[in-house]
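Visitor: The structure file upload00.cif (mmCIF, C-alpha atoms) is provided below.
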```cif
data_data
loop_
_atom_site.label_atom_id
_atom_site.label_comp_id
_atom_site.auth_asym_id
_atom_site.auth_seq_id
_atom_site.Cartn_x
_atom_site.Cartn_y
_atom_site.Cartn_z
CA MET X 593 146.68 96.97 -8.06
CA ALA X 594 144.24 94.25 -7.09
CA ARG X 595 142.31 92.62 -9.91
CA LEU X 596 139.10 92.78 -7.85
CA PRO X 597 137.99 95.55 -5.50
CA TYR X 598 138.40 95.09 -1.78
CA ALA X 599 135.21 95.05 0.28
CA ASP X 600 134.27 98.47 1.58
CA PRO X 601 133.71 98.06 5.33
CA SER X 602 131.33 101.01 5.40
CA ALA X 603 129.10 99.26 2.84
CA ALA X 604 129.38 95.79 4.38
CA SER X 605 126.82 94.15 6.61
CA GLU X 606 127.20 94.77 10.32
CA PRO X 607 128.59 91.26 11.08
CA VAL X 608 131.23 91.60 8.34
CA ARG X 609 132.12 95.11 9.47
CA GLU X 610 132.47 93.92 13.08
CA ALA X 611 134.69 91.03 11.97
CA LEU X 612 136.90 93.35 9.92
CA ASP X 613 137.16 95.78 12.85
CA ALA X 614 138.37 92.95 15.11
CA LEU X 615 141.12 91.83 12.72
CA PRO X 616 144.48 93.23 11.68
CA SER X 617 144.01 95.32 8.55
CA LEU X 618 145.12 92.85 5.89
CA ASN X 619 144.18 92.85 2.25
CA ILE X 620 143.32 89.13 2.31
CA PHE X 621 140.60 89.80 4.87
CA ARG X 622 139.23 92.77 2.95
CA MET X 623 139.14 90.69 -0.25
CA VAL X 624 137.46 87.63 1.25
CA ALA X 625 134.94 89.95 2.97
CA ASN X 626 133.38 90.34 -0.50
CA ALA X 627 131.94 86.85 0.07
CA GLU X 628 129.83 88.09 2.97
CA THR X 629 128.07 84.85 3.90
CA ALA X 630 131.26 82.79 3.75
CA PHE X 631 133.59 85.37 5.34
CA ARG X 632 132.99 84.74 9.04
CA PRO X 633 132.90 80.92 8.74
CA TRP X 634 136.15 81.14 6.72
CA LEU X 635 137.67 83.24 9.52
CA ARG X 636 136.51 80.75 12.16
CA LEU X 637 138.13 77.88 10.29
CA GLY X 638 141.35 79.87 9.83
CA GLY X 639 141.30 80.78 13.51
CA ALA X 640 140.87 77.16 14.53
CA LEU X 641 143.74 76.12 12.27
CA LEU X 642 146.00 78.74 13.87
CA SER X 643 144.98 78.18 17.47
CA SER X 644 143.21 74.91 18.22
CA LEU X 645 145.09 72.05 16.62
CA GLU X 646 146.84 69.10 18.18
CA LEU X 647 149.32 69.34 15.28
CA ASP X 648 152.54 71.03 16.36
CA ALA X 649 152.42 74.75 15.49
CA ARG X 650 155.96 74.71 14.06
CA LEU X 651 155.11 71.86 11.71
CA ARG X 652 151.87 73.63 10.78
CA GLU X 653 153.71 76.81 9.83
CA LEU X 654 156.42 75.00 7.91
CA ALA X 655 153.70 73.17 5.96
CA ILE X 656 152.01 76.52 5.23
CA LEU X 657 155.32 77.91 3.98
CA ARG X 658 155.75 74.84 1.78
CA VAL X 659 152.28 75.43 0.32
CA GLY X 660 153.19 79.07 -0.30
CA GLN X 661 156.49 78.11 -1.93
CA LEU X 662 154.89 75.47 -4.17
CA GLU X 663 152.02 77.77 -5.13
CA ARG X 664 154.35 80.74 -5.72
CA ALA X 665 152.17 82.66 -3.28
CA GLU X 666 154.18 85.67 -2.17
CA TYR X 667 151.36 87.01 0.01
CA GLU X 668 151.19 83.79 2.02
CA TRP X 669 154.97 83.61 2.35
CA VAL X 670 155.35 87.19 3.60
CA GLN X 671 152.60 86.77 6.20
CA HIS X 672 153.64 83.34 7.51
CA VAL X 673 157.41 83.67 7.86
CA PRO X 674 156.97 85.78 11.05
CA ILE X 675 154.38 83.33 12.41
CA ALA X 676 156.71 80.42 11.70
CA ARG X 677 159.53 82.15 13.55
CA SER X 678 157.24 82.97 16.47
CA VAL X 679 156.42 79.28 16.95
CA GLY X 680 160.03 78.11 16.81
CA ALA X 681 160.93 77.63 13.15
CA THR X 682 164.55 78.49 12.47
CA ASP X 683 165.91 80.67 9.70
CA ALA X 684 167.70 77.58 8.33
CA GLU X 685 164.40 75.65 8.13
CA ILE X 686 162.67 78.56 6.41
CA ALA X 687 165.57 78.97 3.97
CA ALA X 688 165.48 75.25 3.11
CA ILE X 689 161.80 75.53 2.16
CA GLU X 690 162.41 78.74 0.23
CA ARG X 691 165.10 77.08 -1.87
CA ASP X 692 162.90 73.99 -2.40
CA ASP X 693 165.17 71.67 -0.41
CA VAL X 694 162.84 69.53 1.66
CA GLU X 695 165.64 66.98 2.15
CA SER X 696 167.94 69.54 3.80
CA GLU X 697 170.02 68.51 6.78
CA ASP X 698 168.62 71.66 8.44
CA LEU X 699 165.29 69.82 8.78
CA ASP X 700 164.68 67.02 11.25
CA ALA X 701 163.16 63.73 10.10
CA ALA X 702 159.60 64.61 11.18
CA THR X 703 159.77 67.94 9.38
CA ARG X 704 161.09 66.33 6.20
CA ALA X 705 158.22 63.82 6.35
CA VAL X 706 155.64 66.57 6.82
CA LEU X 707 157.10 68.61 3.95
CA ARG X 708 157.15 65.59 1.61
CA PHE X 709 153.55 64.86 2.59
CA THR X 710 152.62 68.50 1.95
CA THR X 711 154.35 68.45 -1.42
CA GLU X 712 152.39 65.40 -2.52
CA ALA X 713 149.09 66.80 -1.25
CA VAL X 714 149.63 70.00 -3.24
CA ARG X 715 150.98 68.43 -6.41
CA ASP X 716 149.13 65.11 -6.56
CA VAL X 717 146.03 65.68 -4.38
CA ARG X 718 146.20 62.12 -3.01
CA VAL X 719 149.35 61.50 -1.00
CA SER X 720 151.15 58.22 -1.54
CA ASP X 721 150.91 55.33 0.89
CA GLU X 722 154.60 55.91 1.61
CA ALA X 723 154.15 59.59 2.52
CA LEU X 724 151.20 58.77 4.75
CA ALA X 725 153.08 55.93 6.46
CA GLU X 726 156.10 58.17 6.97
CA VAL X 727 154.21 60.92 8.84
CA ARG X 728 152.52 58.25 10.94
CA GLU X 729 155.91 56.68 11.71
CA ARG X 730 157.18 60.12 12.73
CA GLY X 731 154.47 60.34 15.38
CA LEU X 732 151.50 62.08 13.76
CA SER X 733 148.21 60.65 14.98
CA PRO X 734 145.24 60.25 12.62
CA ARG X 735 143.85 63.49 14.07
CA GLN X 736 147.10 65.35 13.37
CA VAL X 737 147.27 63.98 9.81
CA VAL X 738 143.73 65.21 9.11
CA GLU X 739 144.58 68.56 10.70
CA LEU X 740 147.64 68.77 8.45
CA LEU X 741 145.46 68.06 5.42
CA LEU X 742 143.03 70.79 6.51
CA VAL X 743 145.91 73.26 6.91
CA ILE X 744 147.28 72.39 3.49
CA SER X 745 143.90 72.71 1.77
CA TYR X 746 142.97 75.94 3.55
CA TYR X 747 146.22 77.64 2.62
CA MET X 748 146.02 76.36 -0.95
CA GLY X 749 142.70 78.22 -1.02
CA VAL X 750 144.23 81.35 0.50
CA ALA X 751 146.98 81.24 -2.13
CA ARG X 752 144.44 80.95 -4.93
CA VAL X 753 142.36 83.86 -3.66
CA ALA X 754 145.42 86.05 -3.11
CA GLU X 755 147.02 85.28 -6.46
CA SER X 756 143.87 85.22 -8.63
CA ALA X 757 142.45 88.39 -7.09
CA GLY X 758 145.84 90.09 -7.32
CA ILE X 759 145.94 91.07 -3.66
CA GLU X 760 148.73 93.52 -2.90
CA VAL X 761 151.20 92.24 -0.32
CA ASP X 762 150.79 94.02 3.01
CA GLY X 763 153.64 94.38 5.44
CA PRO X 764 153.92 91.23 7.55
CA LEU X 765 151.35 91.21 10.33
CA GLY X 766 151.60 87.50 10.98
CA ASP X 767 151.97 87.78 14.74
CA GLN X 768 148.86 89.96 14.94
CA VAL X 769 146.91 87.46 12.85
CA ALA X 770 148.00 84.59 15.06
CA ALA X 771 147.00 86.60 18.15
CA SER X 772 143.61 87.46 16.65
CA ALA X 773 143.03 83.76 16.01
CA GLN X 774 142.78 83.37 19.75
CA ARG X 775 139.64 85.55 19.59
CA PRO X 776 137.60 84.36 16.60
CA PRO X 777 134.80 86.67 15.46
CA ARG X 778 131.34 86.13 16.90
CA ARG X 779 128.98 83.92 14.95
#
```
Mind converting the file's structure to structure tokens?
Guide:
Amino acid sequence: MARLPYADPSAASEPVREALDALPSLNIFRMVANAETAFRPWLRLGGALLSSLELDARLRELAILRVGQLERAEYEWVQHVPIARSVGATDAEIAAIERDDVESEDLDAATRAVLRFTTEAVRDVRVSDEALAEVRERGLSPRQVVELLLVISYYMGVARVAESAGIEVDGPLGDQVAASAQRPPRR
């Protein structure tokens, strides 16, 4: 059982209710909807991170899975494994992250660099000069590095909301969430 109540769509403001109606029915959305004034901007940012980045979608999803693994965020993991697969991540890559092996031979050099960078951002806040240089050497532009940092920080926040609020894990609807990101809620 969740530690906080989910927002009741029938009692929510019209803009929040409309946003909830347009989204897959996920507990994370119903929980964050409690923060009515922040809910739709939070959705817009999440939608942009899932649909409008220059950063490769596969690297994005593997970084999200790394955040989920480091944060012990089951909710995030369950929802993002299907998204990762849908954008080309392999079962071997996902398994390497799950077993905390970011140096696995199942990961290419760019992926290993992104996962090391993600690990440092989560654990240390400030990534080392070496980790930053490595993702740059592996082809990430300044824009893509900042996008990666935004992805990491956003999903650290999602993990904290899900875990602290005790959100029950829904069945994976990751593909629906990714599809809904193509149609962000109205302002």
Visitor: Given the file shown, determine the residues that the PyMOL selection byres ((chain X and resi 656) around 10) selects; report them as a PyMOL selection string.
Guide: chain X and resi 650-655+657-662+668-669+672-673+676+707+710+740+743-748
Visitor: Kindly give the distance, in Å, that separates CA of Trp634 (chain X) and CA of Leu732 (chain X), rounded to a single decimal.
Guide: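 CA of Leu732 (chain X) lies 25.5 Å from CA of Trp634 (chain X).
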Visitor: At most 7 Å is the cut-off: for each residue in region 618-712 of chain X with any atom that close to an atom of region 593-607 of chain X, write down the nearest atom pair and the distance in Å rounded to one decimal, counting only C-alpha atoms, chain first then increasing number, as JSON lines.
Guide:
```
{"residue": "X:Arg622", "atom": "CA", "partner": "X:Tyr598", "partner_atom": "CA", "distance": 5.3}
{"residue": "X:Met623", "atom": "CA", "partner": "X:Tyr598", "partner_atom": "CA", "distance": 4.7}
{"residue": "X:Ala625", "atom": "CA", "partner": "X:Ala599", "partner_atom": "CA", "distance": 5.8}
{"residue": "X:Asn626", "atom": "CA", "partner": "X:Ala599", "partner_atom": "CA", "distance": 5.1}
```
Visitor: Output C-alpha atoms of each residue in that selection to a file, as a PDB file, in the coordinates of the input.
Guide:
```
ATOM      1  CA  ARG X 622     139.230  92.770   2.950  1.00  0.00           C
ATOM      2  CA  MET X 623     139.140  90.690  -0.250  1.00  0.00           C
ATOM      3  CA  ALA X 625     134.940  89.950   2.970  1.00  0.00           C
ATOM      4  CA  ASN X 626     133.380  90.340  -0.500  1.00  0.00           C
TER       5      ASN X 626
END
```
Visitor: Just the number, please: distance in Å from CA of Leu645 (chain X) to CA of Val679 (chain X), one decimal.
Guide: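 If I compute the distance from CA of Leu645 (chain X) to CA of Val679 (chain X), I get 13.4 Å.
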Visitor: Would you give the centre and edge lengths, in Å to one decimal, of a box along x, y and z around the listed atoms of region 703-718 of chain X, with 6 Å added to each side, as AutoDock Vina command-line options?
Guide:
```
--center_x 153.6 --center_y 66.1 --center_z 1.4 --size_x 27.1 --size_y 19.9 --size_z 27.9
```
Visitor: Of the candidates X:Glu712, X:Glu666, X:Asp692, X:Asp700, which one gets nearest to Gly758 (chain X) if we count only C-alpha atoms?
Guide: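 Going through X:Glu712, X:Glu666, X:Asp692, X:Asp700 one by one, the smallest distance to Gly758 (chain X) is for X:Glu666.
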Visitor: Work out how far apart CA of Ser644 (chain X) and CA of Ile759 (chain X) are and give it in Å to one decimal.
Guide: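 Value for the CA of Ser644 (chain X)-CA of Ile759 (chain X) distance: 27.3 Å.
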Visitor: Go through X:Asp698, X:Glu755, X:Glu628, X:Asp721 and flag the residue nearest Asp683 (chain X), using only C-alpha atoms for the distances.
Guide: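 Checking each candidate against Asp683 (chain X), we get X:Asp698 as the closest.
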Visitor: Extract, using all atoms listed in the file, all DNA, RNA and protein residues at most 10 Å from Ala688 (chain X), discarding same-chain residues fewer than 5 positions from it, and format them as JSON, numbers by chain.
Guide: {"X": [658, 682, 683, 693, 694, 695, 696, 697, 698, 699]}
Visitor: Selected residues, C-alpha atoms, written as a CSV table (one decimal), keeping the file's coordinate frame, please.
Guide:
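Produced file again.csv, reproduced below:
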```csv
chain,number,residue,atom,x,y,z
X,658,ARG,CA,155.8,74.8,1.8
X,682,THR,CA,164.6,78.5,12.5
X,683,ASP,CA,165.9,80.7,9.7
X,693,ASP,CA,165.2,71.7,-0.4
X,694,VAL,CA,162.8,69.5,1.7
X,695,GLU,CA,165.6,67.0,2.2
X,696,SER,CA,167.9,69.5,3.8
X,697,GLU,CA,170.0,68.5,6.8
X,698,ASP,CA,168.6,71.7,8.4
X,699,LEU,CA,165.3,69.8,8.8
```
Visitor: Taking all atoms listed in the file into account, name the residue in X:Ala705, X:Ala687, X:Ala640, X:Arg632 that is nearest to Val737 (chain X).
Guide: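 Checking each of X:Ala705, X:Ala687, X:Ala640, X:Arg632 against Val737 (chain X), counting all atoms listed in the file, the winner is X:Ala705.
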Visitor: Of the candidates X:Val714, X:Val706, X:Ser643, X:Val670, which shows the shortest atom-to-atom distance to Leu618 (chain X), using all atoms listed in the file?
Guide: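 The closest residue to Leu618 (chain X) is X:Val670.
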Visitor: What does the PyMOL selection byres ((chain X and resi 724) around 12) select in this file, as a short mmCIF file (atom, residue, chain, number, x, y, z; two decimals) with C-alpha atoms, keeping the file's coordinate frame?
Guide:
```cif
data_model
loop_
_atom_site.label_atom_id
_atom_site.label_comp_id
_atom_site.auth_asym_id
_atom_site.auth_seq_id
_atom_site.Cartn_x
_atom_site.Cartn_y
_atom_site.Cartn_z
CA ALA X 705 158.22 63.82 6.35
CA VAL X 706 155.64 66.57 6.82
CA LEU X 707 157.10 68.61 3.95
CA ARG X 708 157.15 65.59 1.61
CA PHE X 709 153.55 64.86 2.59
CA THR X 710 152.62 68.50 1.95
CA THR X 711 154.35 68.45 -1.42
CA GLU X 712 152.39 65.40 -2.52
CA ALA X 713 149.09 66.80 -1.25
CA ARG X 718 146.20 62.12 -3.01
CA VAL X 719 149.35 61.50 -1.00
CA SER X 720 151.15 58.22 -1.54
CA ASP X 721 150.91 55.33 0.89
CA GLU X 722 154.60 55.91 1.61
CA ALA X 723 154.15 59.59 2.52
CA ALA X 725 153.08 55.93 6.46
CA GLU X 726 156.10 58.17 6.97
CA VAL X 727 154.21 60.92 8.84
CA ARG X 728 152.52 58.25 10.94
CA GLU X 729 155.91 56.68 11.71
CA ARG X 730 157.18 60.12 12.73
CA GLY X 731 154.47 60.34 15.38
CA LEU X 732 151.50 62.08 13.76
CA SER X 733 148.21 60.65 14.98
CA PRO X 734 145.24 60.25 12.62
CA GLN X 736 147.10 65.35 13.37
CA VAL X 737 147.27 63.98 9.81
CA VAL X 738 143.73 65.21 9.11
CA LEU X 740 147.64 68.77 8.45
CA LEU X 741 145.46 68.06 5.42
#
```
Visitor: Let me make sure I understand: among X:Ala665, X:Thr703, X:Arg636, X:Glu610, which one has the smallest atom-to-atom distance to Ala681 (chain X) if we use only C-alpha atoms?
Guide: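 Among the listed residues, the smallest separation from Ala681 (chain X) belongs to X:Thr703.
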